[in-house]
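One structure below.
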Amino acid sequence: MSYIKPKFEHPRAPKNALGYTRKEYEGSLSTLCAGCGHDSISAAIVDACFELSIEPHRVAKLSGIGCSSKTPAYFLNNSHGFNSVHGRMPSVATGANLANRDLVYLGVSGDGDSASIGFGQFAHVIRRNLNMTYIVMNNGCYGLTKGQDSATADQGSVSKAGSVNNFEGIDMCAIAIELGATFVAQSFSGDKGQLIPLIKAALSHSGFSLINVVSPCVTFNNNPGSTKSYDYVREHNEALSSLDFVPVKEEITTEYDEIDVKMVEMHDGTFIKLNKLHQGFDPQDKLSIINALQVARQKDEILTGLLYLDTESVELNDLIGTVNKPLNSLTEKELCPGSEVLEKINAGLR
Amino acid sequence: MKPTNIKDSEYYHKVVDCQYACPAHTPVPHYIRLIAAGKYTEAYMVNWESNVFPGVLGRTCDRPCEPACRRGRVEEEPVAICRLKRVTADFKDDIAQYLPEIPKVKNGKKIAIIGAGPAGLTVARDLAPLGYEIHMYDDQSKGGGMMRSQIPSFRLPNSVLDQEVNVILDMDIVKHFNQYVTSLKEIIDGGYDAVFVATGAPKGKDLPNLPGRWDAKENIHIGIQWLANVAFEHTNKIGKKVIVLGGGNTAMDCCRTSRRLGGEEVKVLVRSPFKEMKASPWEKEDAIHEDIPILENHVPKSFVSENGKLKGMFFEKVEAQYDDKGKRKLVPTGEPDVFIEADDVIIAIGQENRFEWIEKDLGVEFNEWEMPVVDESTFASTRAGVFFGGDAALGPKNVITAVAQGHQAAISIDKYCQGQDIHDRPAPDVTLISTKMGIHEWSYDNGVSADLRFVVPQEDKKITLADRKKEVELGFDLTSAFKEAERCLNCDVQTVFMEDKCIECDACMDVCPTQCINFTENAEEDDLRAKLLIPALDKSQDILVSDILKTGKVMVKDEDVCLHCGLCAERCPTSAWDMQKFMYKTAKAGC
C-alpha cells in the first residue's frame with residue numbers, strides 16, 4: 001500500500017491568485033475506507049480553498065472524534081489543525097475564534113460527534129453565531145465502531161445487518177435553522193458541482209455556517225434499504241437550486257433578470273447566484289424553508305442546496321464587542337493601559 | 001465519444017510510450033523492473049529477444065524511447081532507458097542456457113544474407129533456430145557491419161561487440177567474410193531459396209566540387225571511411241589541427257576519434273544552427289567535454305593548400321531564416337569569410353547507399369532516388385525471394401531500426417520459404433494480467449520515486465584521450481542502476497476501468513495526483529478533451545472513455561501524465577479500477 005502521495009502534479013496544473021496549485025491545499029493520503037464519501041468532501045474543501053485563493057496558513061481546521069474528524073489530516077496540510085475531544089470541537093473553535101478572529105475557522109464533524117455526544121455544544125455554537133464554517137459529514141451510522149445506527153439515521157432505514165431503525169432521525173438543518181443559524185445548507189458528497197460553491201459561500205459568510213453533507217459510509221451503510229447510500233441519495237436528491245459563487249459583482253450577467261435566478265449579496269461584496277430556484281421557496285425567508293423541509297420529509301426527498309441565509313448576520317465577536325486584534329498581537333501597552341485607566345474602570349464600578 | 005475499445009491491444013501499447021516509440025518495441029518497463037529486482041540476466045534476455053544487441057544498443061542507441069518517456073513530461077528528464085540497457089549487459093551471467101537451440105538437421109532451405117551488420121545478423125538470429133541454412137557474406141573480416149567500422153571503440157568496446165555478434169555467428173552460420181559481393185545474380189544463381197540484402201549505406205558523401213578539394217587530397221578524408229580505417233587499424237594518426245565538417249553523430253565520432261589520434265585543435269563546423277544539428281544532444285555534449293568547439297552557421301567555401309599541403313578552409317557565415325511554413329533557409333550574413341587552419345579535414349556530411357552490384361535486369365526495381373522499391377511492412381523487393389533491410393532498404397537510419405526491419409524481413413523470408421502469404425502478418429503476443437496481490441498490494445512497486453535522473457560516470461579525460469580504445473562511459477554501478485530503475489513509472493501496468501463495477505464515489509478522481517481522472521457528461525472528442533479538470537491538449541496522447549455510467553456520466557481519463565501509481569485502484573471500493581500488467585511482444589519469425 002502506498003502511504004505517500006507522489007510529489008508530481010500535472011505540468012499544466014492551474015494556479016490560483018496566490019500562484020499556488022491545488023497541491024498546496026492537499027493533505028496526506030486518506031486512511032479511510034476506499035470510496036468513503038468523506039474523502040469527496042475533503043476534496044471539495046481542497047477545491048473550495050484553492051479556488052478562493054485562501055492562504056493555507058490563514059485557515060484553522062478543527063474536529064472532534066470519528067471518521068469525519070480524521071479528515072483534517074487529508075486536506076490543507078499547510079493549515080493549522082486541532083483534533084479535539086469527542087463532541088467538543090465547538091468549544092475549542094469558540095476559544096480559538098475569540099483569541100484570534102483573523103483566521104478562517106473550518107470545523108468538520110460527523111453525525112455522532114454533532115448529533116449525539118456533541119449535541120449540546122452544537123446547539124450553543126449555533127445560537128452564539130460563531131464565525132465559522134461547520135461541516136457535518138453525515139453518514140447516518142457509527143462507521144468507526146462498525147456501523148451502528150446514529151442519531152441522524154432516518155426512521156425506517158435498514159442497516160447492513162438488516163435491522164430497521166425505529167427512532168426518529170435528527171434533521172441537522174432543521175435544528176440549526178430553529179436555533180438561529182445564519183447560513184444553512186445541505187448537500188451530497190457525490191455532487192461536487194453543488195458542494196464546492198456551497199463551501200465557498202459558507203467560508204465567505206460572516207457568522208455561523210452549517211453544511212450538512214450526506215456522505216455514504218461505503219463499508220457499513222451503502223446497502224439496499226439504507227437512506228444514506230449512494231443509490232438512495234442519488235434517487236431522492238431534490239436540489240432546491242443549483243448555485244454559483246460569484247466573487248465580484250462585475251461577473252453578474254444578464255441572466256440576473258430571469259425569474260428563476262436569484263442573486264444574494266454576501267457581507268464581503270461577493271454574491272451567490274441561485275439558478276433554477278424552486279417556486280415558492282426563498283432562502284432568505286425562514287418560513288418558506290421550514291415548510292419546504294417538512295414537505296420534503298413527507299415525500300422522502302432530501303432537499304439540497306442553500307436552505308437559509310441571513311445576510312444581516314452579526315457574528316459573535318461583534319456581538320460581544322471583543323478586541324479587533326488577535327490576542328497574541330496585543331502588547332504590554334494595550335494590556336496594561338496604566339493606573340489612570342484602572343482608576344476610571346474602578347470609578348465606573350462604584 | 002464512443003467508449004474506448006480496450007480489447008484493441010494497440011490502445012494500451014500506445015500508453016507504454018517508450019515501447020511504442022522503439023522501432024523494435026522492446027518491453028522497456030518490463031526489463032527495467034527486472035533490473036530493480038536484480039535479475040540482470042533475465043533483463044538482458046528480454047532485450048536480446050527484442051533488440052538482439054543490448055550491449056551495443058545500451059551504449060550507442062539513438063534512444064527514440066527517451067524523448068517519448070512519460071517521466072520527461074512530469075519532471076525534467078526521462079528515465080535513462082538506454083544506459084539501463086547497458087546495465088543488463090554489464091551485469092549478466094552466462095546466457096548460454098537461455099539461447100535457442102540450433103537444429104542439427106536443417107529444414108532444407110538456404111538463405112543468403114549479404115552484409116553482416118545489425119539487420120543481417122538479426123535475420124540470421126531469427127531464422128537459424130528455425131533450421132534454415134544461413135550463408136552470410138561480408139567484405140570485412142569480422143561481423144558487425146557499421147557497428148564495428150563506424151562506432152569508435154571508446155564508445156563501444158570490441159569485446160562487447162564481439163560477444164553479441166559471435167552469439168549469432170555461432171548459430172551454425174556459414175561465413176563468407178572478406179568477400180565483397182559484386183553481383184546479386186551470382187548469389188541468386190547460387191541456389192538460395194531467399195536472399196536478404198543488408199548492405200547498409202557504405203558510401204560517405206563528399207564535396208567533390210568545392211574549390212581545392214583535390215589539391216591536397218591526402219589530408220581530406222571521408223568520415224565513415226576514415227572511421228573504418230581507424231577501426232581496422234589502417235590509420236593511427238592525424239594532424240594537430242583538424243576540421244570536421246558535418247553535424248551528425250558521425251561527425252561527433254570523427255572529431256572525438258581525432259582527439260585520440262593526435263588532434264590537438266579539433267573543430268567541428270556545421271552549416272546549421274547548433275540546436276538543429278542532427279547529432280544527438282548527448283553526443284554533442286561529449287564532444288564539447290573533450291574540448292572540441294562546435295562552430296555553427298559556417299558553410300564550407302573552399303579548401304586552401306600550398307604546394308600540395310593542406311593549410312585550411314574558408315567558410316561563409318550564414319544565419320538561419322524561416323518562412324511561414326517553418327522551412328529553413330541559410331542566408332549569408334555578409335560578414336567576411338572565415339579562414340580556419342587545418343592539417344586534416346574530415347568530411348562527415350552524410351552517407352549513401354551503393355547498389356551498382358545489383359544487376360538491372362534481375363527484376364529488382366529501383367525508384368527515382370536510386371533506392372530499391374521495398375514494401376515497408378514485408379521488406380520484400382519487386383523480385384520474389386529478394387528482401388531488403390537496414391540502411392539498404394529505406395535509407396540510413398540507426399541500429400535499432402535495422403534490427404526492427406530485420407525481424408520483419410525474417411518473418412517474410414520464413415513465410416516465403418514455407419509457401420505462405422508474406423502479407424499475412426502475424427499478430428503480436430499480448431497479455432493483460434492483474435497485478436493485484438492483496439487488498440492494497442500490487443506485484444509491482446507502485447511508489448513513485450522523486451529522484452532526478454542519475455548521471456552515468458565517465459573515465460578521466462586524461463586517460464580516455466590517450467587511449468583510443470578506452471571506453472569513456474563507465475556505466476551505472478548497481479546502486480545507481482537500482483535508483484534509476486526506480487524512476488520508471490511502470491507505464492505498462494495499465495489502469496483498467498470496468499464501468500459495471502463503478503459506483504461513482506469520485507474516490508479515484510479525488511486521489512489522482514495529476515488530476516487525470518474525470519467524471520463528466522459525454523461529448524465529442526474535442527469538447528470532451530477541453531472540459532476535463534485539466535484539458536487534454538496533447539492529441540497524440542489518447543483519452544480513455546468509459547461507457548455511460550449509472551448517473552449518465554462517463555469516466556474520462558487523460559493518459560498523458562498518468563503516473564501509474566495505482567492510487568485510483570487503491571482508493572476504489574469496488575475494484576472498478578485495476579492495475580493490469582500489459583505485455584506486448586511483436587511477432588517473430590516462426591511464431
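For the C-alpha cells, the naming scheme is as follows: chains receive sequential letters (A, B, ...) according to their order of presentation, residues are indexed from 1 within each chain, and ligands are indexed from 1 in presentation order.
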
(request) Show me which bits of chain B are within 6 Å of chain A, counting only C-alpha atoms, as number ranges by chain. (result) B: 440-441, 448, 505, 507, 510, 513-514, 571-573

Restrict the selected residues to C-alpha atoms and save them as an mmCIF file, in the first residue's frame.
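Ended up saving to out08.cif:
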data_model
loop_
_atom_site.group_PDB
_atom_site.id
_atom_site.type_symbol
_atom_site.label_atom_id
_atom_site.label_comp_id
_atom_site.auth_asym_id
_atom_site.auth_seq_id
_atom_site.Cartn_x
_atom_site.Cartn_y
_atom_site.Cartn_z
ATOM 1 C CA HIS B 440 -3.682 -2.792 -1.274
ATOM 2 C CA GLU B 441 -0.786 -4.772 -2.644
ATOM 3 C CA VAL B 448 6.847 6.957 -7.399
ATOM 4 C CA CYS B 505 -17.945 7.726 -5.466
ATOM 5 C CA ALA B 507 -12.519 8.454 -4.895
ATOM 6 C CA ASP B 510 -10.071 12.886 -5.759
ATOM 7 C CA PRO B 513 -2.062 13.154 -8.116
ATOM 8 C CA THR B 514 -2.128 14.502 -11.662
ATOM 9 C CA ARG B 571 -8.920 4.013 -3.357
ATOM 10 C CA CYS B 572 -11.574 2.236 -5.419
ATOM 11 C CA PRO B 573 -14.054 0.459 -3.126
#

(message) List as a ChimeraX atom specification the protein and nucleic acid residues near region 99-105 of chain A, meaning an atom at most 7 Å away when only C-alpha atoms are counted, but skip any in the same chain fewer than 3 places from it.
(response) /A:58-61,95-96,132-133,326-327

Please produce an output containing N, CA and C atoms for each residue in the selection, written as an mmCIF file, in the first residue's frame.
data_model
loop_
_atom_site.group_PDB
_atom_site.id
_atom_site.type_symbol
_atom_site.label_atom_id
_atom_site.label_comp_id
_atom_site.auth_asym_id
_atom_site.auth_seq_id
_atom_site.Cartn_x
_atom_site.Cartn_y
_atom_site.Cartn_z
ATOM 1 N N ARG A 58 -3.781 30.710 6.835
ATOM 2 C CA ARG A 58 -4.802 31.556 7.440
ATOM 3 C C ARG A 58 -6.037 30.731 7.827
ATOM 4 N N VAL A 59 -5.927 29.404 7.670
ATOM 5 C CA VAL A 59 -7.070 28.545 7.984
ATOM 6 C C VAL A 59 -6.775 27.732 9.246
ATOM 7 N N ALA A 60 -7.778 27.656 10.140
ATOM 8 C CA ALA A 60 -7.688 26.740 11.272
ATOM 9 C C ALA A 60 -8.746 25.674 11.060
ATOM 10 N N LYS A 61 -8.331 24.415 10.976
ATOM 11 C CA LYS A 61 -9.287 23.315 10.786
ATOM 12 C C LYS A 61 -9.399 22.580 12.115
ATOM 13 N N GLY A 95 -13.154 29.187 21.548
ATOM 14 C CA GLY A 95 -11.991 29.758 22.227
ATOM 15 C C GLY A 95 -10.986 30.316 21.238
ATOM 16 N N ALA A 96 -10.717 29.526 20.206
ATOM 17 C CA ALA A 96 -9.727 29.965 19.213
ATOM 18 C C ALA A 96 -10.191 31.224 18.505
ATOM 19 N N MET A 132 -17.764 30.744 11.864
ATOM 20 C CA MET A 132 -17.047 29.540 11.406
ATOM 21 C C MET A 132 -17.891 28.787 10.383
ATOM 22 N N THR A 133 -17.216 27.927 9.645
ATOM 23 C CA THR A 133 -17.922 27.002 8.759
ATOM 24 C C THR A 133 -17.915 25.642 9.432
ATOM 25 N N PRO A 326 -5.885 40.032 17.110
ATOM 26 C CA PRO A 326 -5.644 38.750 17.782
ATOM 27 C C PRO A 326 -4.942 38.977 19.114
ATOM 28 N N LEU A 327 -5.303 38.191 20.108
ATOM 29 C CA LEU A 327 -4.745 38.404 21.446
ATOM 30 C C LEU A 327 -3.221 38.315 21.451
#

(request) Could you find all residues in region 181-348 of chain A that DSSP calls strand (DSSP E or B) from the backbone, and write them as a count of residues only? (result) 38

(request) Write out as a ChimeraX atom specification the residues lying within 9 Å of Asp172 (chain B), counting only C-alpha atoms and excluding same-chain residues fewer than 4 positions away. (result) /B:102,104,128,133-134,168

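Here CA of Ile543 (chain B) stands at a distance of 11.9 Å from CA of Thr495 (chain B).
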
(request) Counting only C-alpha atoms, figure out which residue out of B:Met555, B:Ala536, B:Ala466, B:Ile222 gets nearest to Glu504 (chain B). (result)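 Selected residue with least distance to Glu504 (chain B): B:Met555.
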
(request) Excluding Asn78 (chain A) and any residue of its chain fewer than 3 positions from it, enumerate the residues within 9 Å of it, using only C-alpha atoms, and give them as a list of chain:residue names. (result)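 Final neighbour list, sorted by chain and number: A:Glu24, A:Tyr25, A:Glu26, A:Gly27, A:Pro56, A:His57, A:Val59, A:Phe75.
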
Write the selection just made, keeping C-alpha atoms, as a compact mmCIF listing (two decimals), in the first residue's frame?
# COMPACT_ATOMS: atom_id res chain seq x y z
CA GLU A 24 -0.64 23.28 -1.81
CA TYR A 25 -4.09 22.63 -0.36
CA GLU A 26 -3.97 18.87 -0.29
CA GLY A 27 -3.37 16.67 2.75
CA PRO A 56 -3.41 27.96 3.73
CA HIS A 57 -1.77 29.34 6.86
CA VAL A 59 -7.07 28.54 7.98
CA PHE A 75 -6.80 18.25 3.44

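Closest to Ile463 (chain B) among B:Asp344, B:Glu316, B:Glu290, B:Glu233 is B:Glu290, based on only C-alpha atoms.
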
(request) For Ile346 (chain B), work out the shell of residues within 6 Å, counting only C-alpha atoms and skipping chain neighbours fewer than 3 positions away, then give it as a list in words. (result) Ile220, His221, Ile222, Gly223 and Val244 of chain B

(request) Please indicate the distance in Å from CA of Tyr20 (chain A) to CA of Ser204 (chain A), rounded to one decimal place. (result) 19.8 Å

(message) Please identify the helix (DSSP H, G or I) residues within region 282-471 of chain B (assignment by DSSP from backbone atoms) and present them as a PyMOL selection string.
(response) chain B and resi 282-289+391-394+399-417+461-466

With C-alpha atoms retained, write the just-selected residues as a CSV table (one decimal), in the first residue's frame.
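Final output, result.csv:
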chain,number,residue,atom,x,y,z
B,282,TRP,CA,24.5,13.8,-25.5
B,283,GLU,CA,26.9,13.2,-28.4
B,284,LYS,CA,27.4,16.9,-28.8
B,285,GLU,CA,27.9,17.2,-25.0
B,286,ASP,CA,30.6,14.6,-25.0
B,287,ALA,CA,32.4,16.3,-27.9
B,288,ILE,CA,32.3,19.6,-26.2
B,289,HIS,CA,33.5,17.9,-23.0
B,391,ASP,CA,20.0,1.2,-44.2
B,392,ALA,CA,19.9,-0.6,-47.6
B,393,ALA,CA,16.1,-0.8,-47.5
B,394,LEU,CA,14.7,2.7,-46.7
B,399,VAL,CA,20.9,0.3,-35.4
B,400,ILE,CA,17.6,-0.2,-33.7
B,401,THR,CA,15.6,0.5,-36.9
B,402,ALA,CA,17.8,-2.0,-38.7
B,403,VAL,CA,17.1,-4.6,-36.1
B,404,ALA,CA,13.3,-4.0,-36.3
B,405,GLN,CA,13.4,-4.3,-40.1
B,406,GLY,CA,15.4,-7.4,-39.8
B,407,HIS,CA,12.7,-9.0,-37.6
B,408,GLN,CA,10.0,-8.2,-40.1
B,409,ALA,CA,12.1,-9.4,-43.1
B,410,ALA,CA,12.8,-12.6,-41.2
B,411,ILE,CA,9.1,-13.2,-40.8
B,412,SER,CA,8.6,-12.6,-44.6
B,413,ILE,CA,11.5,-14.8,-45.5
B,414,ASP,CA,10.2,-17.6,-43.3
B,415,LYS,CA,6.7,-17.3,-44.8
B,416,TYR,CA,8.1,-17.1,-48.3
B,417,CYS,CA,10.1,-20.2,-47.9
B,461,LYS,CA,39.5,12.6,-19.8
B,462,LYS,CA,43.3,12.4,-19.5
B,463,ILE,CA,43.1,8.6,-19.7
B,464,THR,CA,40.5,8.3,-22.4
B,465,LEU,CA,42.1,10.8,-24.8
B,466,ALA,CA,45.4,9.0,-24.5

(message) Can you pull out the residues contacting Met579 (chain B)? Cut-off 12 Å, using only C-alpha atoms, and skip same-chain residues under 2 positions away; I want them as an MDAnalysis selection string.
(response) chainID B and resid 432:437 440:446 490:498 563:570 572 575:577 581:582

(request) Just the residues within 9 Å of Asp253 (chain B), please, counting only C-alpha atoms, with nothing from its chain fewer than 3 positions along; format it as a PyMOL selection string. (result) chain B and resi 150-152+155+223+227+248-250+256-258+283+287
